[in-house]
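Below is the file final_16.pdb, which contains PDB, C-alpha atoms and all ligand atoms.
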ATOM      1  CA  MET A 735     -18.845  -8.072  24.474
ATOM      2  CA  SER A 736     -16.602 -10.303  26.530
ATOM      3  CA  LEU A 737     -13.118 -11.192  25.454
ATOM      4  CA  THR A 738     -11.504 -14.322  26.832
ATOM      5  CA  ILE A 739      -8.161 -15.981  26.272
ATOM      6  CA  ARG A 740      -8.661 -19.726  26.494
ATOM      7  CA  CYS A 741      -6.909 -22.964  25.609
ATOM      8  CA  PHE A 742      -6.979 -24.262  22.047
ATOM      9  CA  ARG A 743      -9.704 -26.685  20.933
ATOM     10  CA  PRO A 744      -9.422 -28.847  17.797
ATOM     11  CA  ALA A 745     -12.529 -27.097  16.375
ATOM     12  CA  ASP A 746     -10.466 -23.846  16.268
ATOM     13  CA  LEU A 747      -7.968 -25.233  13.781
ATOM     14  CA  GLU A 748      -9.486 -24.041  10.496
ATOM     15  CA  THR A 749     -10.034 -20.507  11.818
ATOM     16  CA  LEU A 750      -6.485 -20.334  13.166
ATOM     17  CA  ARG A 751      -5.165 -21.468   9.799
ATOM     18  CA  ARG A 752      -7.177 -18.750   8.029
ATOM     19  CA  ILE A 753      -6.189 -15.946  10.422
ATOM     20  CA  THR A 754      -2.542 -16.992  10.187
ATOM     21  CA  VAL A 755      -2.340 -17.244   6.411
ATOM     22  CA  GLU A 756      -4.094 -13.876   6.005
ATOM     23  CA  GLY A 757      -1.953 -12.246   8.679
ATOM     24  CA  PHE A 758       1.382 -13.454   7.351
ATOM     25  CA  ASP A 759       0.791 -12.228   3.802
ATOM     26  CA  GLY A 760       3.861 -10.090   3.116
ATOM     27  CA  ILE A 761       5.946 -11.332   6.042
ATOM     28  CA  ALA A 762       6.057 -15.131   5.610
ATOM     29  CA  ILE A 763       9.557 -16.394   4.810
ATOM     30  CA  ASP A 764       8.164 -19.042   2.463
ATOM     31  CA  GLN A 765       6.366 -16.280   0.555
ATOM     32  CA  HIS A 766       9.695 -14.509   0.007
ATOM     33  CA  VAL A 767      11.256 -17.788  -1.161
ATOM     34  CA  GLU A 768       8.329 -18.285  -3.530
ATOM     35  CA  GLU A 769       8.673 -14.763  -4.934
ATOM     36  CA  LYS A 770      12.292 -15.561  -5.835
ATOM     37  CA  PHE A 771      12.038 -19.178  -6.981
ATOM     38  CA  GLY A 772       8.361 -19.837  -7.666
ATOM     39  CA  VAL A 773       6.107 -22.422  -6.031
ATOM     40  CA  GLN A 774       8.137 -25.434  -4.906
ATOM     41  CA  ALA A 775       6.853 -29.027  -4.803
ATOM     42  CA  GLY A 776       3.338 -27.868  -5.622
ATOM     43  CA  ARG A 777       2.964 -26.373  -2.123
ATOM     44  CA  ASP A 778       2.561 -22.614  -2.031
ATOM     45  CA  TRP A 779       3.499 -20.400   0.897
ATOM     46  CA  ARG A 780      -0.112 -20.366   2.157
ATOM     47  CA  TRP A 781      -0.136 -24.155   2.433
ATOM     48  CA  ARG A 782       3.246 -24.012   4.157
ATOM     49  CA  LYS A 783       2.147 -21.310   6.607
ATOM     50  CA  ALA A 784      -1.095 -23.144   7.429
ATOM     51  CA  ARG A 785       1.013 -26.187   8.238
ATOM     52  CA  HIS A 786       2.847 -24.166  10.905
ATOM     53  CA  VAL A 787      -0.445 -24.030  12.791
ATOM     54  CA  ASP A 788      -0.781 -27.813  12.625
ATOM     55  CA  GLU A 789       2.838 -28.211  13.757
ATOM     56  CA  ASP A 790       2.391 -25.830  16.694
ATOM     57  CA  VAL A 791      -0.762 -27.584  17.826
ATOM     58  CA  ALA A 792       0.885 -31.004  17.537
ATOM     59  CA  ALA A 793       4.083 -29.893  19.315
ATOM     60  CA  ASN A 794       2.520 -28.243  22.371
ATOM     61  CA  PRO A 795      -1.290 -28.252  22.383
ATOM     62  CA  ALA A 796      -1.443 -27.150  26.038
ATOM     63  CA  GLY A 797       0.516 -24.005  25.119
ATOM     64  CA  VAL A 798      -1.716 -22.816  22.284
ATOM     65  CA  PHE A 799      -4.051 -20.016  23.367
ATOM     66  CA  VAL A 800      -6.988 -18.491  21.558
ATOM     67  CA  ALA A 801      -8.622 -15.061  21.882
ATOM     68  CA  GLU A 802     -12.388 -15.376  21.648
ATOM     69  CA  GLU A 803     -15.132 -12.767  21.804
ATOM     70  CA  ASP A 804     -18.798 -13.706  21.889
ATOM     71  CA  GLY A 805     -18.003 -17.146  20.522
ATOM     72  CA  LYS A 806     -15.844 -15.798  17.683
ATOM     73  CA  VAL A 807     -12.174 -16.741  17.461
ATOM     74  CA  LEU A 808     -10.181 -13.546  16.804
ATOM     75  CA  GLY A 809      -6.566 -14.527  17.335
ATOM     76  CA  TRP A 810      -4.115 -17.006  18.722
ATOM     77  CA  ILE A 811      -0.590 -17.565  20.011
ATOM     78  CA  SER A 812       1.565 -20.695  20.058
ATOM     79  CA  THR A 813       4.375 -21.582  22.446
ATOM     80  CA  ARG A 814       7.141 -24.055  23.071
ATOM     81  CA  VAL A 815       8.675 -24.780  26.465
ATOM     82  CA  ASP A 816      12.119 -26.272  26.941
ATOM     83  CA  HIS A 817      12.462 -27.447  30.525
ATOM     84  CA  GLU A 818      16.188 -28.183  30.139
ATOM     85  CA  THR A 819      17.152 -24.669  29.059
ATOM     86  CA  LYS A 820      14.165 -22.961  30.687
ATOM     87  CA  LYS A 821      13.563 -21.096  27.440
ATOM     88  CA  GLY A 822      10.021 -20.327  26.337
ATOM     89  CA  ARG A 823       9.459 -19.499  22.671
ATOM     90  CA  VAL A 824       6.585 -18.001  20.717
ATOM     91  CA  PRO A 825       6.630 -19.430  17.173
ATOM     92  CA  ASN A 826       3.388 -17.844  15.941
ATOM     93  CA  LEU A 827       1.000 -15.046  16.833
ATOM     94  CA  ALA A 828      -1.822 -13.657  14.718
ATOM     95  CA  VAL A 829      -4.973 -11.596  15.179
ATOM     96  CA  ASP A 830      -7.786 -11.291  12.659
ATOM     97  CA  ALA A 831      -7.316  -8.084  10.621
ATOM     98  CA  ALA A 832     -10.747  -6.813  11.723
ATOM     99  CA  ALA A 833      -9.811  -7.112  15.410
ATOM    100  CA  ARG A 834      -6.322  -5.591  15.375
ATOM    101  CA  GLY A 835      -5.282  -2.532  17.342
ATOM    102  CA  ARG A 836      -7.552  -3.371  20.307
ATOM    103  CA  GLY A 837      -4.906  -4.947  22.507
ATOM    104  CA  LEU A 838      -5.590  -8.603  21.670
ATOM    105  CA  GLY A 839      -2.027  -9.222  20.515
ATOM    106  CA  ARG A 840      -0.687  -7.802  23.769
ATOM    107  CA  LYS A 841      -3.145  -9.872  25.840
ATOM    108  CA  LEU A 842      -2.125 -13.046  23.990
ATOM    109  CA  ILE A 843       1.564 -12.311  24.637
ATOM    110  CA  GLU A 844       0.906 -11.625  28.325
ATOM    111  CA  HIS A 845      -1.052 -14.876  28.549
ATOM    112  CA  ALA A 846       1.860 -16.773  26.962
ATOM    113  CA  LEU A 847       4.347 -15.123  29.346
ATOM    114  CA  ASP A 848       2.203 -16.141  32.347
ATOM    115  CA  TYR A 849       2.103 -19.690  30.977
ATOM    116  CA  PHE A 850       5.922 -19.676  30.633
ATOM    117  CA  ARG A 851       6.260 -18.515  34.245
ATOM    118  CA  ARG A 852       3.928 -21.279  35.445
ATOM    119  CA  GLU A 853       6.026 -23.777  33.471
ATOM    120  CA  GLY A 854       9.164 -22.525  35.246
ATOM    121  CA  MET A 855      10.777 -20.880  32.221
ATOM    122  CA  ALA A 856      13.561 -18.383  32.982
ATOM    123  CA  PHE A 857      13.204 -16.320  29.811
ATOM    124  CA  ALA A 858      11.195 -16.125  26.615
ATOM    125  CA  VAL A 859      12.007 -15.337  22.988
ATOM    126  CA  ILE A 860       9.992 -14.099  20.025
ATOM    127  CA  GLU A 861      11.013 -13.037  16.510
ATOM    128  CA  THR A 862       9.767 -10.572  13.959
ATOM    129  CA  MET A 863      10.641  -9.641  10.394
ATOM    130  CA  VAL A 864      12.388  -6.372   9.633
ATOM    131  CA  ASN A 865       9.415  -5.440   7.423
ATOM    132  CA  ASN A 866       6.957  -5.964  10.300
ATOM    133  CA  PRO A 867       6.684  -2.656  12.181
ATOM    134  CA  VAL A 868       3.933  -3.928  14.489
ATOM    135  CA  GLY A 869       6.147  -6.674  15.929
ATOM    136  CA  GLN A 870       9.012  -4.217  16.362
ATOM    137  CA  HIS A 871       6.727  -1.927  18.356
ATOM    138  CA  LEU A 872       4.680  -4.503  20.256
ATOM    139  CA  TYR A 873       7.379  -6.884  21.509
ATOM    140  CA  PRO A 874       9.622  -4.266  23.152
ATOM    141  CA  SER A 875       6.508  -2.719  24.686
ATOM    142  CA  CYS A 876       5.737  -6.147  26.217
ATOM    143  CA  GLY A 877       9.194  -6.167  27.822
ATOM    144  CA  PHE A 878      11.252  -7.992  25.177
ATOM    145  CA  ALA A 879      14.741  -6.603  24.465
ATOM    146  CA  GLU A 880      16.370  -6.939  21.059
ATOM    147  CA  VAL A 881      19.206  -9.489  21.215
ATOM    148  CA  GLY A 882      20.147 -10.006  17.551
ATOM    149  CA  ARG A 883      19.183  -9.779  13.867
ATOM    150  CA  GLN A 884      19.142 -12.617  11.347
ATOM    151  CA  ILE A 885      19.300 -12.779   7.529
ATOM    152  CA  HIS A 886      17.379 -15.528   5.715
ATOM    153  CA  TYR A 887      19.029 -17.059   2.619
ATOM    154  CA  ALA A 888      17.683 -19.629   0.162
ATOM    155  CA  VAL A 889      19.291 -21.455  -2.791
ATOM    156  CA  LYS A 890      17.477 -23.256  -5.616
ATOM    157  CA  LEU A 891      18.551 -26.909  -5.989
TER     158      LEU A 891
HETATM  159  C1  LIG B 901       1.063  -8.608  15.357
HETATM  160  C2  LIG B 901      -0.427  -8.712  15.687
HETATM  161  C3  LIG B 901      -0.700 -10.101  16.260
HETATM  162  C4  LIG B 901      -0.761  -7.673  16.748
HETATM  163  O1  LIG B 901      -2.126  -7.858  17.103
HETATM  164  P1  LIG B 901      -3.009  -6.641  17.665
HETATM  165  O2  LIG B 901      -4.189  -7.240  18.316
HETATM  166  O3  LIG B 901      -3.237  -5.618  16.629
HETATM  167  O4  LIG B 901      -2.010  -6.071  18.770
HETATM  168  P2  LIG B 901      -2.269  -4.941  19.839
HETATM  169  O5  LIG B 901      -3.531  -4.194  19.526
HETATM  170  O6  LIG B 901      -2.153  -5.540  21.204
HETATM  171  O7  LIG B 901      -0.990  -4.017  19.664
HETATM  172  C5  LIG B 901      -0.594  -3.547  18.425
HETATM  173  C6  LIG B 901       0.419  -2.440  18.691
HETATM  174  O8  LIG B 901       1.094  -2.133  17.468
HETATM  175  C7  LIG B 901       0.934  -0.750  17.204
HETATM  176  N1  LIG B 901       0.949  -0.595  15.758
HETATM  177  C8  LIG B 901      -0.043  -0.830  14.874
HETATM  178  N2  LIG B 901       0.378  -0.575  13.618
HETATM  179  C9  LIG B 901       1.666  -0.171  13.725
HETATM  180  C10 LIG B 901       2.671   0.209  12.788
HETATM  181  N3  LIG B 901       2.416   0.247  11.478
HETATM  182  N4  LIG B 901       3.893   0.554  13.258
HETATM  183  C11 LIG B 901       4.174   0.500  14.584
HETATM  184  N5  LIG B 901       3.263   0.135  15.533
HETATM  185  C12 LIG B 901       2.039  -0.198  15.098
HETATM  186  C13 LIG B 901      -0.362  -0.368  17.874
HETATM  187  O9  LIG B 901      -0.427   1.019  18.123
HETATM  188  C14 LIG B 901      -0.237  -1.161  19.173
HETATM  189  O10 LIG B 901       0.653  -0.579  20.053
HETATM  190  P3  LIG B 901       0.137   0.152  21.413
HETATM  191  O11 LIG B 901      -0.548  -0.913  22.219
HETATM  192  O12 LIG B 901       1.394   0.636  22.058
HETATM  193  O13 LIG B 901      -0.787   1.246  20.980
HETATM  194  C15 LIG B 901      -1.319  -8.436  14.445
HETATM  195  O14 LIG B 901      -0.970  -7.181  13.911
HETATM  196  C16 LIG B 901      -1.179  -9.494  13.359
HETATM  197  O15 LIG B 901      -1.807 -10.551  13.414
HETATM  198  N6  LIG B 901      -0.333  -9.203  12.355
HETATM  199  C17 LIG B 901      -0.125 -10.139  11.245
HETATM  200  C18 LIG B 901       0.667 -11.353  11.718
HETATM  201  C19 LIG B 901       1.920 -10.958  12.450
HETATM  202  O16 LIG B 901       2.580  -9.984  12.150
HETATM  203  N7  LIG B 901       2.246 -11.790  13.451
HETATM  204  C20 LIG B 901       3.434 -11.581  14.241
HETATM  205  C21 LIG B 901       4.604 -12.044  13.465
HETATM  206  S1  LIG B 901       6.128 -11.614  14.255
END

Step by step, read the file and then write its structure as structure tokens.
Amino acid sequence: MSLTIRCFRPADLETLRRITVEGFDGIAIDQHVEEKFGVQAGRDWRWRKARHVDEDVAANPAGVFVAEEDGKVLGWISTRVDHETKKGRVPNLAVDAAARGRGLGRKLIEHALDYFRREGMAFAVIETMVNNPVGQHLYPSCGFAEVGRQIHYAVKL
């Protein structure tokens, strides 16, 4: 079995949407909003989370990387680069549940960090939810230092 990290292709989109929606069950902000206020505008949190994939791909297609093994897409990471501030950002990262715990998440992060370096970024940021223990373990072990905590609020209009 050979694992590769490669650039995104449009044919990956549906699989990335599926992996992301499945992976973010329980940690998606829009899911928490929905639990409090119900489905808004006829668009549930799954639809909203899947749209993040589309947004990431549209915003920086050259910075979307996919983990593939024997022709099967198992995970992905998205990035943004800001050449003015030299800040690289990882908006989304997900690995298929069946392929977790094998180092794919770490490899995807390392690939994104190498991409940021090539793009001349000076530092990189990533976020995780307080109820996501994997992120809180994985990101520091990839060299990220905690710099702050945020609280998400929502109000029904
Ligand atoms: C986060 C995610 C991408 C990691 O992918 P992965 O391929 O399993 O990652 P890796 O195998 O490289 O590393 C996972 C690490 O978390 C650790 N881990 C697993 N479950 C854990 C838990 N409950 N608590 C703490 N650490 C945990 C593993 O031991 C491993 O650490 P190690 O390399 O030091 O042994 C994957 O879990 C996922 O898609 N989760 C759902 C979506 C998500 O949370 N995305 C990130 C949002 S911030």

If I take CA of Ala879 (chain A) and CA of Cys741 (chain A), how far is one from the other in Å, to one decimal?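 Separation between CA of Ala879 (chain A) and CA of Cys741 (chain A): 27.2 Å.
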
Among listed residues A:Val881, A:Cys876, A:Ile843, A:Ala784, nearest Thr749 (chain A) (using only C-alpha atoms):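 Residue with the minimum atom-to-atom distance to Thr749 (chain A): A:Ala784.
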
Collect all residues with atoms no farther than 9 Å from ligand LIG 901 (chain B), counting only C-alpha atoms and all ligand atoms, and output them as a PyMOL selection string. chain A and resi 753-759+761-762+808-811+825-831+833-843+860-863+866-873+875

To one decimal place in Å, what is the distance between CA of Ala856 (chain A) and CA of Lys820 (chain A)?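 Straight-line distance from CA of Ala856 (chain A) to CA of Lys820 (chain A) works out to 5.2 Å.
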
For Ala832 (chain A), which residue among A:Val800, A:Leu891, A:Val807, A:Ile739 is the nearest when counting only C-alpha atoms?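 Of A:Val800, A:Leu891, A:Val807, A:Ile739, the one nearest Ala832 (chain A) is A:Val807, counting only C-alpha atoms.
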